[in-house]
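What follows is the content of input22.cif, which has mmCIF, C-alpha atoms:
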data_target
loop_
_atom_site.label_atom_id
_atom_site.label_comp_id
_atom_site.auth_asym_id
_atom_site.auth_seq_id
_atom_site.Cartn_x
_atom_site.Cartn_y
_atom_site.Cartn_z
CA PHE A 997 88.73 -13.35 141.25
CA GLN A 998 88.87 -9.61 141.82
CA LYS A 999 85.60 -7.68 141.80
CA ALA A 1000 87.02 -5.42 139.10
CA LEU A 1001 87.07 -8.38 136.72
CA GLY A 1002 83.30 -8.73 136.97
CA CYS A 1003 82.81 -5.93 134.44
CA ALA A 1004 83.59 -8.30 131.56
CA TYR A 1005 80.98 -10.91 132.45
CA MET A 1006 77.90 -8.85 131.62
CA CYS A 1007 78.94 -8.67 127.97
CA SER A 1008 81.67 -11.04 126.80
CA GLY A 1009 81.07 -13.42 129.69
CA LEU A 1010 77.39 -13.76 128.85
CA THR A 1011 78.21 -14.11 125.15
CA ALA A 1012 80.62 -16.96 125.85
CA TYR A 1013 78.28 -18.61 128.35
CA SER A 1014 75.31 -18.56 125.95
CA ALA A 1015 77.44 -20.15 123.22
CA LEU A 1016 78.64 -22.88 125.58
CA LEU A 1017 75.03 -23.69 126.49
CA LYS A 1018 74.23 -24.26 122.82
CA VAL A 1019 76.73 -27.13 122.68
CA LYS A 1020 76.13 -28.38 126.23
CA ASP A 1021 72.58 -29.27 125.13
CA LEU A 1022 74.10 -31.90 122.82
CA GLY A 1023 75.07 -33.95 125.86
CA ILE A 1024 78.69 -34.44 124.79
CA ASN A 1025 82.06 -34.49 126.53
CA ALA A 1026 84.12 -31.30 126.69
CA GLU A 1027 86.84 -33.01 124.62
CA ASP A 1028 84.35 -33.18 121.73
CA VAL A 1029 84.01 -29.38 121.65
CA LEU A 1030 86.50 -27.09 119.90
CA ILE A 1031 86.75 -23.36 120.60
CA LEU A 1032 87.94 -21.50 117.52
CA GLY A 1033 89.61 -18.14 118.19
CA LEU A 1034 91.41 -17.26 121.42
CA GLY A 1035 90.66 -13.59 121.80
CA GLY A 1036 88.92 -12.23 124.88
CA LEU A 1037 85.74 -14.16 124.07
CA GLY A 1038 87.50 -17.41 123.34
CA PHE A 1039 89.47 -17.31 126.59
CA GLN A 1040 86.30 -16.32 128.44
CA ALA A 1041 84.70 -19.54 127.15
CA VAL A 1042 87.79 -21.57 128.05
CA GLY A 1043 87.61 -20.14 131.57
CA MET A 1044 84.00 -21.23 132.07
CA ALA A 1045 84.20 -24.51 130.15
CA LYS A 1046 85.00 -26.72 133.14
CA ALA A 1047 82.01 -25.38 135.07
CA VAL A 1048 79.62 -25.59 132.08
CA LEU A 1049 80.86 -28.64 130.15
CA GLY A 1050 82.57 -30.57 132.93
CA GLY A 1051 86.03 -30.43 131.38
CA MET A 1052 88.39 -28.55 129.08
CA PRO A 1053 87.62 -28.24 125.34
CA LEU A 1054 89.96 -28.32 122.38
CA VAL A 1055 91.11 -24.93 121.04
CA ALA A 1056 92.42 -23.57 117.74
CA ASP A 1057 93.99 -20.25 116.77
CA ILE A 1058 96.70 -18.74 114.57
CA ASP A 1059 98.75 -17.33 117.47
CA GLU A 1060 101.25 -19.67 119.13
CA ASN A 1061 101.41 -17.57 122.31
CA LYS A 1062 97.66 -17.87 122.79
CA LEU A 1063 97.78 -21.58 122.08
CA LYS A 1064 100.52 -22.07 124.69
CA GLU A 1065 98.44 -20.17 127.25
CA ALA A 1066 95.45 -22.40 126.51
CA GLU A 1067 97.61 -25.49 126.90
CA LYS A 1068 98.70 -24.25 130.34
CA ARG A 1069 95.01 -24.13 131.23
CA GLY A 1070 94.50 -27.75 130.23
CA CYS A 1071 93.36 -27.54 126.60
CA ARG A 1072 94.65 -29.49 123.61
CA ALA A 1073 95.60 -26.84 121.07
CA TYR A 1074 95.86 -26.67 117.28
CA ASN A 1075 97.30 -24.00 114.98
CA THR A 1076 94.89 -23.28 112.13
CA THR A 1077 97.74 -22.10 109.88
CA ASP A 1078 99.03 -25.69 109.81
CA LYS A 1079 97.98 -27.22 106.48
CA LYS A 1080 97.50 -30.56 108.22
CA ALA A 1081 95.42 -29.10 111.06
CA VAL A 1082 92.05 -30.31 109.75
CA ALA A 1083 93.28 -33.85 109.16
CA LYS A 1084 95.07 -33.89 112.54
CA ILE A 1085 92.01 -32.71 114.46
CA MET A 1086 89.75 -35.24 112.78
CA LYS A 1087 92.22 -38.08 113.35
CA GLU A 1088 92.64 -37.21 117.04
CA SER A 1089 88.90 -36.68 117.65
CA ASN A 1090 86.97 -39.04 119.91
CA ASP A 1091 85.66 -41.24 117.09
CA GLY A 1092 88.26 -40.39 114.45
CA THR A 1093 85.75 -38.74 112.09
CA GLY A 1094 85.63 -35.17 113.39
CA ILE A 1095 84.47 -32.88 116.19
CA LYS A 1096 80.88 -32.92 117.42
CA ALA A 1097 80.68 -29.18 118.16
CA VAL A 1098 82.68 -26.08 117.20
CA ILE A 1099 82.21 -22.58 118.63
CA ASP A 1100 83.64 -19.94 116.29
CA PHE A 1101 84.48 -16.76 118.21
CA VAL A 1102 85.99 -15.12 115.10
CA GLY A 1103 83.18 -15.39 112.58
CA ALA A 1104 85.30 -14.84 109.47
CA GLY A 1105 84.66 -16.69 106.23
CA LYS A 1106 87.87 -18.71 106.70
CA THR A 1107 87.12 -19.70 110.29
CA VAL A 1108 83.55 -20.78 109.52
CA THR A 1109 84.91 -22.86 106.64
CA PHE A 1110 87.54 -24.36 108.96
CA GLY A 1111 84.96 -25.12 111.62
CA ASP A 1112 82.65 -26.80 109.13
CA ALA A 1113 85.52 -28.88 107.76
CA ILE A 1114 86.35 -30.48 111.11
CA LEU A 1115 82.76 -31.35 112.08
CA ARG A 1116 81.65 -34.95 111.88
CA LYS A 1117 78.27 -36.01 110.55
CA GLY A 1118 75.54 -34.61 112.77
CA GLY A 1119 77.87 -31.99 114.23
CA LYS A 1120 77.03 -28.43 115.23
CA LEU A 1121 78.80 -25.16 114.41
CA VAL A 1122 77.96 -22.14 116.58
CA VAL A 1123 79.06 -18.84 115.05
CA VAL A 1124 79.58 -16.03 117.56
CA GLY A 1125 82.26 -13.73 116.12
CA LEU A 1126 81.34 -10.72 113.99
CA PHE A 1127 84.46 -10.47 111.84
CA GLY A 1128 82.45 -10.98 108.66
CA GLY A 1129 83.01 -12.62 105.31
CA THR A 1130 81.30 -15.27 103.23
CA PHE A 1131 80.80 -19.01 103.54
CA ALA A 1132 79.89 -21.17 100.55
CA GLN A 1133 78.67 -24.75 100.76
CA PRO A 1134 76.84 -26.95 98.22
CA THR A 1135 73.28 -27.27 99.51
CA ILE A 1136 73.34 -31.05 99.12
CA PHE A 1137 75.89 -31.26 101.96
CA PHE A 1138 73.34 -30.07 104.51
CA PRO A 1139 71.12 -33.17 104.31
CA LEU A 1140 74.02 -35.55 103.58
CA LYS A 1141 76.12 -34.38 106.53
CA ALA A 1142 73.15 -33.60 108.80
CA ARG A 1143 75.04 -30.68 110.33
CA CYS A 1144 73.64 -27.67 112.13
CA ILE A 1145 74.98 -24.09 111.83
CA GLU A 1146 73.61 -21.74 114.48
CA GLY A 1147 74.30 -18.11 115.31
CA SER A 1148 74.68 -16.85 118.87
CA PHE A 1149 74.54 -13.19 119.94
CA VAL A 1150 75.16 -12.19 123.59
CA GLY A 1151 72.46 -13.94 125.71
CA SER A 1152 69.14 -13.68 127.49
CA LEU A 1153 68.18 -12.34 130.93
CA GLU A 1154 67.57 -15.88 132.18
CA GLU A 1155 71.00 -16.95 130.93
CA THR A 1156 72.50 -13.96 132.75
CA LYS A 1157 70.95 -15.08 136.03
CA ASP A 1158 72.11 -18.65 135.47
CA MET A 1159 75.65 -17.50 134.62
CA LEU A 1160 75.94 -15.39 137.77
CA GLN A 1161 74.79 -18.34 139.87
CA LEU A 1162 77.30 -20.56 138.09
CA LEU A 1163 80.09 -18.10 138.92
CA ARG A 1164 79.06 -18.02 142.57
CA ASN A 1165 78.99 -21.80 142.79
CA ASN A 1166 82.25 -22.42 140.91
CA ARG A 1167 84.68 -19.79 142.18
CA ASP A 1168 87.54 -22.29 142.23
CA SER A 1169 87.06 -23.71 138.74
CA VAL A 1170 86.23 -20.59 136.71
CA GLU A 1171 89.33 -18.89 135.28
CA PHE A 1172 89.40 -15.32 134.00
CA PRO A 1173 91.05 -14.66 130.61
CA PRO A 1174 94.61 -13.29 130.51
CA HIS A 1175 94.26 -9.62 131.48
CA HIS A 1176 95.89 -6.47 132.73
CA PHE A 1177 94.66 -3.12 134.00
CA VAL A 1178 95.53 0.21 132.41
CA SER A 1179 94.54 3.83 132.94
CA ILE A 1180 91.46 5.17 131.16
CA PHE A 1181 93.84 7.71 129.61
CA GLU A 1182 95.34 4.81 127.63
CA ALA A 1183 92.04 4.14 125.83
CA SER A 1184 92.95 5.67 122.46
CA LYS A 1185 96.33 3.97 122.43
CA SER A 1186 94.71 0.67 123.37
CA LEU A 1187 92.22 0.89 120.50
CA LYS A 1188 95.09 1.32 118.05
CA GLU A 1189 96.92 -1.63 119.58
CA LEU A 1190 93.74 -3.70 119.39
CA GLN A 1191 93.35 -2.86 115.72
CA ALA A 1192 96.96 -3.91 115.14
CA GLY A 1193 96.40 -7.22 116.94
CA GLN A 1194 98.84 -6.34 119.73
CA ILE A 1195 96.57 -6.98 122.73
CA PHE A 1196 96.67 -10.37 124.40
CA GLY A 1197 93.59 -11.27 126.42
CA ARG A 1198 91.57 -8.59 128.18
CA ARG A 1199 92.61 -5.00 128.78
CA ILE A 1200 90.55 -3.43 131.56
CA PHE A 1201 90.47 0.34 132.05
CA LYS A 1202 90.70 1.95 135.46
CA HIS A 1203 88.64 5.11 135.89
CA ASP A 1204 91.48 7.07 137.45
CA TRP A 1205 90.78 10.62 136.29
CA PRO A 1206 91.02 13.31 138.99
CA THR A 1207 87.89 13.97 141.03
CA SER A 1208 86.66 17.52 140.53
CA ARG A 1209 86.14 19.62 143.62
CA ASN A 1210 83.90 22.65 143.86
#
Could you rewrite the structure in this file as structure tokens?
Amino acid sequence: FQKALGCAYMCSGLTAYSALLKVKDLGINAEDVLILGLGGLGFQAVGMAKAVLGGMPLVADIDENKLKEAEKRGCRAYNTTDKKAVAKIMKESNDGTGIKAVIDFVGAGKTVTFGDAILRKGGKLVVVGLFGGTFAQPTIFFPLKARCIEGSFVGSLEETKDMLQLLRNNRDSVEFPPHHFVSIFEASKSLKELQAGQIFGRRIFKHDWPTSRN
């Protein structure tokens, strides 16, 4: 990919990579991992999934356009607004009882609840997103379901080095998230569009202000 795209990997790329490692350690197939939330982070994880997990994960979001894009990239997609989504995911899972690992790139109360609902016994939920909210669960469910809920925030220096090596070794299999370049003078407008949920994928600013001359 273009060198200009590398700017995203030292923040969102590392965040996505670190989260993927937390489920890779479970020794499971990519089809037993679900990525929840297809914003820039979610698509960053989808793009590195084949190199890290050996295949394409399942995905879930509320936006049909994002789900269609993920399907084009080889993922099986689910719309979380579908009332039957939880039952459908569990039924279509590898063993018919739920997903082994969920990575939540939203981090809202509703998405954490959704992620927990589709996990099978002994599953793992990794919460990355910082949207905020609350999650309530009877304490007895933790021992009975033997599930793990873990937070993940950016990544370590060692993970950064490993990620960069992974990118060098897998240039053909790593995909960058949907993106487009805009002028740095569009920054304020872009922030408003981001707040309104009108940005799809990554928006990368070009530093194109005039060079001053003395």
Suppose you want the space between CA of Leu1126 in chain A and CA of Ser1089 in chain A; what is it in Å?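 A separation of 27.3 Å between them.
The residue that comes closest to Leu1153 in chain A, out of A:Thr1135, A:Ser1014, A:Thr1130, A:Gln1194 and on the basis of all atoms listed in the file, is A:Ser1014.
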How close does each residue of range 1121-1205 of chain A get to range 1060-1082 of chain A, giving the shortest atom pair and distance in Å to one decimal for every residue with an atom at most 12 Å away, counting only C-alpha atoms, sorted by chain and residue number, as a tab-separated table?
residue	atom	partner	partner_atom	distance
A:Ser1169	CA	A:Arg1069	CA	10.9
A:Val1170	CA	A:Arg1069	CA	10.9
A:Glu1171	CA	A:Arg1069	CA	8.7
A:Phe1172	CA	A:Arg1069	CA	10.8
A:Pro1173	CA	A:Ala1066	CA	9.8
A:Pro1174	CA	A:Glu1065	CA	8.5
A:Gln1194	CA	A:Asn1061	CA	11.8
A:Ile1195	CA	A:Lys1062	CA	10.9
A:Phe1196	CA	A:Lys1062	CA	7.7
A:Gly1197	CA	A:Lys1062	CA	8.6
For the file shown, what are the residues hit by the PyMOL selection byres ((chain A and resi 1049) around 9), laid out as a ChimeraX atom specification? /A:1016-1017,1019-1020,1023-1026,1044-1048,1050-1053
Quick one: distance from CA of Leu1032 in chain A to CA of Leu1190 in chain A in Å, one decimal?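 Computing the Euclidean distance for CA of Leu1032 in chain A and CA of Leu1190 in chain A yields 18.8 Å.
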Could you state the separation of CA of Gln1133 in chain A and CA of Asp1091 in chain A in Å, given to one decimal place?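 Result for CA of Gln1133 in chain A versus CA of Asp1091 in chain A: 24.2 Å, one decimal.
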Once the PyMOL selection byres ((chain A and resi 1158-1160) around 10) has been applied to the shown file, what residues remain in the selection, as a ChimeraX atom specification? /A:1002,1005-1006,1009-1010,1013-1014,1044,1048,1152-1157,1161-1166
Output the residue selection produced by the PyMOL selection byres ((chain A and resi 1203) around 10) on the file above, formatted as a PyMOL selection string. chain A and resi 1178-1181+1200-1202+1204-1206
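Closest to Asp1057 in chain A among A:Val1102, A:Ala1004, A:Val1029, A:Met1086 is A:Val1102, based on all atoms listed in the file.
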Excluding Gly1129 in chain A and any residue of its chain fewer than 3 positions from it, enumerate the residues within 12 Å of it, using only C-alpha atoms, and give them as JSON, numbers by chain. {"A": [1102, 1103, 1104, 1105, 1106, 1107, 1108, 1109, 1125, 1126, 1132]}
Identify the residues within 10 Å of coordinate (79.0, -37.7, 111.3) (same frame as the file), considering all atoms listed in the file, and give the answer as a PyMOL selection string. chain A and resi 1091+1093-1096+1115-1119+1140-1143
Kindly indicate which residue among A:Arg1198, A:Lys1018, A:Arg1167, A:Lys1185 lies nearest to Leu1034 in chain A, using all atoms listed in the file for the distances.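 Between A:Arg1198, A:Lys1018, A:Arg1167, A:Lys1185, the residue approaching Leu1034 in chain A most closely is A:Arg1198.
The shortest atom-to-atom distance to Val1055 in chain A, with only C-alpha atoms taken into account, belongs to A:Ile1099 out of A:Leu1001, A:Val1124, A:Ile1099, A:Leu1022.
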Of the candidates A:Leu1054, A:Val1098, A:Phe1138, A:Gln1040, which shows the shortest atom-to-atom distance to His1175 in chain A, using only C-alpha atoms?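 Closest to His1175 in chain A, using only C-alpha atoms: A:Gln1040.
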Set the distance at 9 Å and use all atoms listed in the file: which residues neighbour Gly1147 in chain A once local chain neighbours fewer than 3 positions away are removed? I'd like the list as a list in words.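 My reading of the contact set: Ala1015, Leu1121, Val1122, Val1123 and Val1124 of chain A.
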Can you tell me, as JSON, the centre and edge lengths (Å, one decimal) of the axis-aligned box enclosing all of range 1068-1071 of chain A's listed atoms after padding each side by 8 Å?
{"center_x": 96.0, "center_y": -25.9, "center_z": 128.9, "size_x": 21.3, "size_y": 19.6, "size_z": 20.6}
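Minimum distance to Asp1028 in chain A across A:Gly1092, A:Leu1187, A:Thr1011, A:Ala1097 (counting only C-alpha atoms) occurs at A:Ala1097.
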